[in-house]
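Shown next, in structure tokens, is the structure this report addresses.
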Amino acid sequence: MENRDAAAAFSLRGWTHWEHIRDGQVIDVRDYPNAVVNAGKAQVAYMIVNTNTGTYLPFTYIAIGTGTTAATATDTGLGTEITTAGGGRAASTVSTQTTSVAYDTAQLTKTFTFTTGGTFAVSESGCFNSSTGAPMLCRQTFATINVIPNDTLAVTWKVQVS
């Protein structure tokens, strides 16, 4: 067995921030830890040593859903992903932020604006590397956020490399 220095340990951890806006007013703000899933960890390891091609693309999409099954390390997608009325998976604005050391945190932000028919009990979200399918980097479920047409959800995901 290899001798591993504890100071050299590598991990991915993160959190997500939510703002529910109705009629121009923030009516709810929430913060949750996220669960970085096995497939996401494997893809990050692959991307460290290989060119980003094929399925090994950066994680730049945020999806939301109505599933309520708790996030686990073996998840590969959302339980019930929303695909209509302004709630469909979408490209996010991406950047790096400083949490502990310079640029150690990937940040994805997206504001979903719900249209006609956009009445949902949003209770899960995840980060993906494409507009459909897998792989997924991270996922979390949370207490329901009930949205109606014209509501917006401002979502921020952060994943820190530490």
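Naming scheme: A, B, ... for chains in displayed order of the structure tokens; residues 1 onward per chain; ligands 1 onward as shown.
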
Write out as a PyMOL selection string which residues come within 12 Å of Thr113 of chain A when counting only C-alpha atoms, dropping same-chain ones fewer than 2 positions away. chain A and resi 19-24+84-90+110-111+115-120+147-155

Saved selection, atoms kept: N, CA, C and O atoms, as a compact mmCIF listing (two decimals), in the first residue's frame:
```
# COMPACT_ATOMS: atom_id res chain seq x y z
N GLU A 19 -32.30 31.53 -4.65
CA GLU A 19 -33.15 32.69 -4.37
C GLU A 19 -34.42 32.55 -5.19
O GLU A 19 -34.36 32.45 -6.41
N HIS A 20 -35.56 32.51 -4.50
CA HIS A 20 -36.87 32.41 -5.15
C HIS A 20 -37.44 33.83 -5.21
O HIS A 20 -37.61 34.49 -4.18
N ILE A 21 -37.73 34.28 -6.43
CA ILE A 21 -38.17 35.66 -6.65
C ILE A 21 -39.56 35.65 -7.27
O ILE A 21 -39.81 34.97 -8.26
N ARG A 22 -40.46 36.42 -6.66
CA ARG A 22 -41.82 36.56 -7.17
C ARG A 22 -42.17 38.04 -7.19
O ARG A 22 -41.96 38.74 -6.20
N ASP A 23 -42.69 38.51 -8.31
CA ASP A 23 -43.07 39.92 -8.47
C ASP A 23 -41.92 40.86 -8.10
O ASP A 23 -42.12 41.90 -7.47
N GLY A 24 -40.71 40.46 -8.48
CA GLY A 24 -39.54 41.30 -8.25
C GLY A 24 -39.00 41.29 -6.83
O GLY A 24 -38.04 41.99 -6.54
N THR A 84 -39.75 21.61 -19.23
CA THR A 84 -40.67 22.52 -19.90
C THR A 84 -40.84 23.82 -19.12
O THR A 84 -40.38 23.95 -17.99
N ALA A 85 -41.55 24.75 -19.72
CA ALA A 85 -42.06 25.97 -19.09
C ALA A 85 -40.99 26.80 -18.37
O ALA A 85 -41.23 27.36 -17.32
N GLY A 86 -39.81 26.87 -18.98
CA GLY A 86 -38.73 27.68 -18.43
C GLY A 86 -37.88 26.98 -17.40
O GLY A 86 -36.92 27.55 -16.89
N GLY A 87 -38.20 25.73 -17.07
CA GLY A 87 -37.45 24.99 -16.07
C GLY A 87 -36.50 23.96 -16.61
O GLY A 87 -35.93 23.19 -15.85
N GLY A 88 -36.32 23.93 -17.94
CA GLY A 88 -35.46 22.92 -18.54
C GLY A 88 -33.98 23.17 -18.29
O GLY A 88 -33.55 24.30 -18.07
N ARG A 89 -33.20 22.09 -18.35
CA ARG A 89 -31.75 22.16 -18.18
C ARG A 89 -31.19 23.25 -19.09
O ARG A 89 -31.56 23.35 -20.24
N ALA A 90 -30.25 24.02 -18.56
CA ALA A 90 -29.74 25.16 -19.33
C ALA A 90 -28.27 25.41 -19.02
O ALA A 90 -27.78 25.10 -17.93
N LYS A 110 -27.30 30.21 -12.79
CA LYS A 110 -28.37 30.22 -13.78
C LYS A 110 -29.63 30.73 -13.12
O LYS A 110 -29.96 30.35 -12.00
N THR A 111 -30.36 31.60 -13.81
CA THR A 111 -31.67 32.04 -13.35
C THR A 111 -32.72 31.43 -14.26
O THR A 111 -32.70 31.65 -15.47
N THR A 115 -42.53 30.08 -17.28
CA THR A 115 -43.51 30.60 -18.23
C THR A 115 -44.86 29.94 -17.98
O THR A 115 -45.03 29.19 -17.02
N THR A 116 -45.81 30.19 -18.87
CA THR A 116 -47.13 29.58 -18.77
C THR A 116 -46.99 28.07 -18.58
O THR A 116 -46.24 27.42 -19.30
N GLY A 117 -47.69 27.54 -17.62
CA GLY A 117 -47.61 26.12 -17.31
C GLY A 117 -46.48 25.79 -16.35
O GLY A 117 -46.29 24.64 -15.96
N GLY A 118 -45.72 26.80 -15.95
CA GLY A 118 -44.56 26.60 -15.08
C GLY A 118 -44.89 26.57 -13.61
O GLY A 118 -44.36 27.36 -12.83
N THR A 119 -45.77 25.67 -13.23
CA THR A 119 -46.11 25.48 -11.81
C THR A 119 -45.46 24.17 -11.39
O THR A 119 -45.87 23.10 -11.83
N PHE A 120 -44.43 24.27 -10.55
CA PHE A 120 -43.66 23.10 -10.15
C PHE A 120 -43.33 23.14 -8.67
O PHE A 120 -43.19 24.21 -8.09
N VAL A 147 -43.00 26.99 -7.31
CA VAL A 147 -42.93 28.10 -8.26
C VAL A 147 -44.18 28.12 -9.13
O VAL A 147 -44.81 27.09 -9.36
N ILE A 148 -44.51 29.32 -9.60
CA ILE A 148 -45.64 29.53 -10.50
C ILE A 148 -45.14 30.36 -11.69
O ILE A 148 -44.04 30.91 -11.64
N PRO A 149 -45.95 30.47 -12.76
CA PRO A 149 -45.52 31.27 -13.90
C PRO A 149 -45.09 32.68 -13.48
O PRO A 149 -45.69 33.29 -12.59
N ASN A 150 -44.03 33.15 -14.10
CA ASN A 150 -43.39 34.45 -13.86
C ASN A 150 -42.46 34.47 -12.66
O ASN A 150 -41.77 35.46 -12.44
N ASP A 151 -42.42 33.41 -11.85
CA ASP A 151 -41.42 33.31 -10.79
C ASP A 151 -40.05 33.06 -11.41
O ASP A 151 -39.95 32.54 -12.53
N THR A 152 -39.02 33.41 -10.67
CA THR A 152 -37.66 33.06 -11.08
C THR A 152 -36.96 32.37 -9.92
O THR A 152 -37.24 32.63 -8.75
N LEU A 153 -36.06 31.47 -10.27
CA LEU A 153 -35.16 30.84 -9.31
C LEU A 153 -33.74 31.15 -9.74
O LEU A 153 -33.33 30.76 -10.84
N ALA A 154 -33.03 31.87 -8.92
CA ALA A 154 -31.61 32.16 -9.17
C ALA A 154 -30.82 31.09 -8.43
O ALA A 154 -30.87 31.00 -7.21
N VAL A 155 -30.09 30.28 -9.20
CA VAL A 155 -29.39 29.12 -8.65
C VAL A 155 -27.88 29.30 -8.82
O VAL A 155 -27.42 29.65 -9.90
```

Using DSSP secondary structure from the backbone, list all strand (DSSP E) positions within segment 3-156 of chain A, as a PyMOL selection string. chain A and resi 12-22+25-33+35-36+61-65+90-91+93-97+105-113+120-128+136-147+152-156

Expected file: the selected residues, C-alpha atoms, as a PDB file, in the first residue's frame:
```
ATOM      1  CA  LEU A  12     -14.416  17.878  -4.044  1.00  0.00           C
ATOM      2  CA  ARG A  13     -17.094  19.455  -1.894  1.00  0.00           C
ATOM      3  CA  GLY A  14     -19.653  22.061  -2.540  1.00  0.00           C
ATOM      4  CA  TRP A  15     -22.853  23.869  -1.839  1.00  0.00           C
ATOM      5  CA  THR A  16     -25.732  25.459  -3.661  1.00  0.00           C
ATOM      6  CA  HIS A  17     -27.500  28.783  -3.103  1.00  0.00           C
ATOM      7  CA  TRP A  18     -31.123  29.497  -4.113  1.00  0.00           C
ATOM      8  CA  GLU A  19     -33.154  32.691  -4.367  1.00  0.00           C
ATOM      9  CA  HIS A  20     -36.872  32.412  -5.149  1.00  0.00           C
ATOM     10  CA  ILE A  21     -38.169  35.658  -6.649  1.00  0.00           C
ATOM     11  CA  ARG A  22     -41.823  36.558  -7.173  1.00  0.00           C
ATOM     12  CA  GLN A  25     -39.175  40.444  -4.549  1.00  0.00           C
ATOM     13  CA  VAL A  26     -36.961  37.752  -3.038  1.00  0.00           C
ATOM     14  CA  ILE A  27     -39.381  35.566  -1.078  1.00  0.00           C
ATOM     15  CA  ASP A  28     -37.047  32.728  -0.067  1.00  0.00           C
ATOM     16  CA  VAL A  29     -33.275  32.203   0.228  1.00  0.00           C
ATOM     17  CA  ARG A  30     -31.706  28.798   0.856  1.00  0.00           C
ATOM     18  CA  ASP A  31     -28.261  27.215   1.046  1.00  0.00           C
ATOM     19  CA  TYR A  32     -27.533  23.489   0.894  1.00  0.00           C
ATOM     20  CA  PRO A  33     -24.436  21.299   0.736  1.00  0.00           C
ATOM     21  CA  ALA A  35     -23.322  15.636  -3.083  1.00  0.00           C
ATOM     22  CA  VAL A  36     -20.517  15.136  -5.605  1.00  0.00           C
ATOM     23  CA  TYR A  61     -25.284  22.977 -17.267  1.00  0.00           C
ATOM     24  CA  ILE A  62     -27.722  23.209 -14.365  1.00  0.00           C
ATOM     25  CA  ALA A  63     -30.883  21.118 -14.209  1.00  0.00           C
ATOM     26  CA  ILE A  64     -33.754  21.287 -11.734  1.00  0.00           C
ATOM     27  CA  GLY A  65     -36.438  18.762 -10.951  1.00  0.00           C
ATOM     28  CA  ALA A  90     -29.736  25.158 -19.332  1.00  0.00           C
ATOM     29  CA  ALA A  91     -26.212  26.416 -19.832  1.00  0.00           C
ATOM     30  CA  THR A  93     -22.574  31.265 -16.432  1.00  0.00           C
ATOM     31  CA  VAL A  94     -19.340  29.701 -15.185  1.00  0.00           C
ATOM     32  CA  SER A  95     -16.391  31.141 -13.315  1.00  0.00           C
ATOM     33  CA  THR A  96     -13.808  30.298 -10.697  1.00  0.00           C
ATOM     34  CA  GLN A  97     -13.942  31.788  -7.225  1.00  0.00           C
ATOM     35  CA  THR A 105     -13.888  26.830  -6.512  1.00  0.00           C
ATOM     36  CA  ALA A 106     -15.884  26.307  -9.705  1.00  0.00           C
ATOM     37  CA  GLN A 107     -19.088  28.346  -9.784  1.00  0.00           C
ATOM     38  CA  LEU A 108     -22.133  27.844 -12.026  1.00  0.00           C
ATOM     39  CA  THR A 109     -25.040  30.305 -11.979  1.00  0.00           C
ATOM     40  CA  LYS A 110     -28.368  30.221 -13.782  1.00  0.00           C
ATOM     41  CA  THR A 111     -31.669  32.037 -13.349  1.00  0.00           C
ATOM     42  CA  PHE A 112     -34.712  30.035 -14.393  1.00  0.00           C
ATOM     43  CA  THR A 113     -37.800  32.095 -15.319  1.00  0.00           C
ATOM     44  CA  PHE A 120     -43.658  23.096 -10.155  1.00  0.00           C
ATOM     45  CA  ALA A 121     -42.650  21.808  -6.737  1.00  0.00           C
ATOM     46  CA  VAL A 122     -38.888  22.125  -7.300  1.00  0.00           C
ATOM     47  CA  SER A 123     -36.996  19.829  -4.923  1.00  0.00           C
ATOM     48  CA  GLU A 124     -33.760  18.770  -6.631  1.00  0.00           C
ATOM     49  CA  SER A 125     -30.977  20.069  -8.815  1.00  0.00           C
ATOM     50  CA  GLY A 126     -27.763  18.908 -10.414  1.00  0.00           C
ATOM     51  CA  CYS A 127     -24.825  19.979 -12.576  1.00  0.00           C
ATOM     52  CA  PHE A 128     -24.144  18.284 -15.917  1.00  0.00           C
ATOM     53  CA  MET A 136     -23.613  14.507 -13.705  1.00  0.00           C
ATOM     54  CA  LEU A 137     -21.088  16.108 -11.348  1.00  0.00           C
ATOM     55  CA  CYS A 138     -23.268  16.732  -8.321  1.00  0.00           C
ATOM     56  CA  ARG A 139     -26.856  16.574  -7.103  1.00  0.00           C
ATOM     57  CA  GLN A 140     -28.927  17.628  -4.134  1.00  0.00           C
ATOM     58  CA  THR A 141     -32.513  17.368  -2.948  1.00  0.00           C
ATOM     59  CA  PHE A 142     -34.116  19.892  -0.619  1.00  0.00           C
ATOM     60  CA  ALA A 143     -37.378  21.125   0.863  1.00  0.00           C
ATOM     61  CA  THR A 144     -39.817  21.992  -1.923  1.00  0.00           C
ATOM     62  CA  ILE A 145     -39.770  25.423  -3.561  1.00  0.00           C
ATOM     63  CA  ASN A 146     -43.218  25.984  -5.117  1.00  0.00           C
ATOM     64  CA  VAL A 147     -42.933  28.096  -8.264  1.00  0.00           C
ATOM     65  CA  THR A 152     -37.657  33.060 -11.082  1.00  0.00           C
ATOM     66  CA  LEU A 153     -35.163  30.835  -9.309  1.00  0.00           C
ATOM     67  CA  ALA A 154     -31.611  32.156  -9.169  1.00  0.00           C
ATOM     68  CA  VAL A 155     -29.395  29.117  -8.650  1.00  0.00           C
ATOM     69  CA  THR A 156     -25.681  29.089  -7.804  1.00  0.00           C
TER      70      THR A 156
END
```

Spatial neighbours of Asn38 of chain A, max dist 6 Å, only C-alpha atoms, sep filter under 2 positions, as a list of chain:residue names: A:Gly40, A:Lys41, A:Ala73, A:Thr74

Atoms to include: N, CA, C and O atoms. Write the selected residues as a PDB file, in the first residue's frame.
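Result file is part-v9.pdb:
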```
ATOM      1  N   GLY A  40     -19.163  11.945 -11.375  1.00  0.00           N
ATOM      2  CA  GLY A  40     -18.559  13.266 -11.440  1.00  0.00           C
ATOM      3  C   GLY A  40     -17.108  13.239 -11.006  1.00  0.00           C
ATOM      4  O   GLY A  40     -16.236  13.851 -11.632  1.00  0.00           O
ATOM      5  N   LYS A  41     -16.814  12.519  -9.924  1.00  0.00           N
ATOM      6  CA  LYS A  41     -15.431  12.395  -9.456  1.00  0.00           C
ATOM      7  C   LYS A  41     -14.561  11.729 -10.522  1.00  0.00           C
ATOM      8  O   LYS A  41     -13.442  12.172 -10.788  1.00  0.00           O
ATOM      9  N   ALA A  73     -24.164   8.867  -3.803  1.00  0.00           N
ATOM     10  CA  ALA A  73     -22.939   8.870  -4.602  1.00  0.00           C
ATOM     11  C   ALA A  73     -23.112   8.158  -5.938  1.00  0.00           C
ATOM     12  O   ALA A  73     -22.391   8.434  -6.890  1.00  0.00           O
ATOM     13  N   THR A  74     -24.073   7.250  -6.042  1.00  0.00           N
ATOM     14  CA  THR A  74     -24.248   6.479  -7.270  1.00  0.00           C
ATOM     15  C   THR A  74     -25.250   7.102  -8.252  1.00  0.00           C
ATOM     16  O   THR A  74     -25.499   6.533  -9.315  1.00  0.00           O
TER      17      THR A  74
END
```

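DSSP annotation of chain A from backbone atoms: helix (DSSP H, G or I) residues are Ala6, Ala7, Ala8, Asn38, Ala39, Gly40, Lys41, Ala42, Gln43, Val44, Ala45, Tyr46, Met47, Ile48 and Val49 of chain A.
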
Write the residues of the selection above to a file with C-alpha atoms, as a tab-separated table (two decimals), in the first residue's frame.
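Below you can see again20.tsv, which holds the result:
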```tsv
chain	number	residue	atom	x	y	z
A	6	ALA	CA	-2.68	13.37	4.83
A	7	ALA	CA	-1.85	16.92	3.74
A	8	ALA	CA	-1.96	15.80	0.11
A	38	ASN	CA	-19.07	8.98	-8.25
A	39	ALA	CA	-19.41	9.60	-11.99
A	40	GLY	CA	-18.56	13.27	-11.44
A	41	LYS	CA	-15.43	12.40	-9.46
A	42	ALA	CA	-14.32	9.95	-12.15
A	43	GLN	CA	-14.83	12.53	-14.87
A	44	VAL	CA	-12.87	15.18	-12.96
A	45	ALA	CA	-9.96	12.72	-12.55
A	46	TYR	CA	-10.07	11.91	-16.27
A	47	MET	CA	-10.13	15.60	-17.20
A	48	ILE	CA	-7.00	16.28	-15.13
A	49	VAL	CA	-4.90	14.09	-17.42
```

Enter the distance from atom CA of Glu81 of chain A to atom CA of Ser162 of chain A, in Å, rounded to one decimal.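 About the pair atom CA of Glu81 of chain A and atom CA of Ser162 of chain A: they are 29.7 Å apart.
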
When distances are computed from only C-alpha atoms, which of A:Gln160, A:Asn129, A:Ser92, A:Thr72 shows the smallest separation from Asp104 of chain A?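 Closest residue, counting only C-alpha atoms: A:Gln160.
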
Pick out the closest residue to Ala71 of chain A from this set: A:Thr83, A:Ser11, A:Asn34, A:Thr98. Count only C-alpha atoms.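 Closest residue, counting only C-alpha atoms: A:Asn34.
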
From A:Thr60, A:Asn50, A:Thr66, A:Ser131, residue lying nearest Leu78 of chain A [only C-alpha atoms]: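 Going through A:Thr60, A:Asn50, A:Thr66, A:Ser131 one by one, the smallest distance to Leu78 of chain A is for A:Thr66.
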
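Interatomic distance, atom CA of Gly133 of chain A against atom CA of Asp75 of chain A: 12.4 Å.
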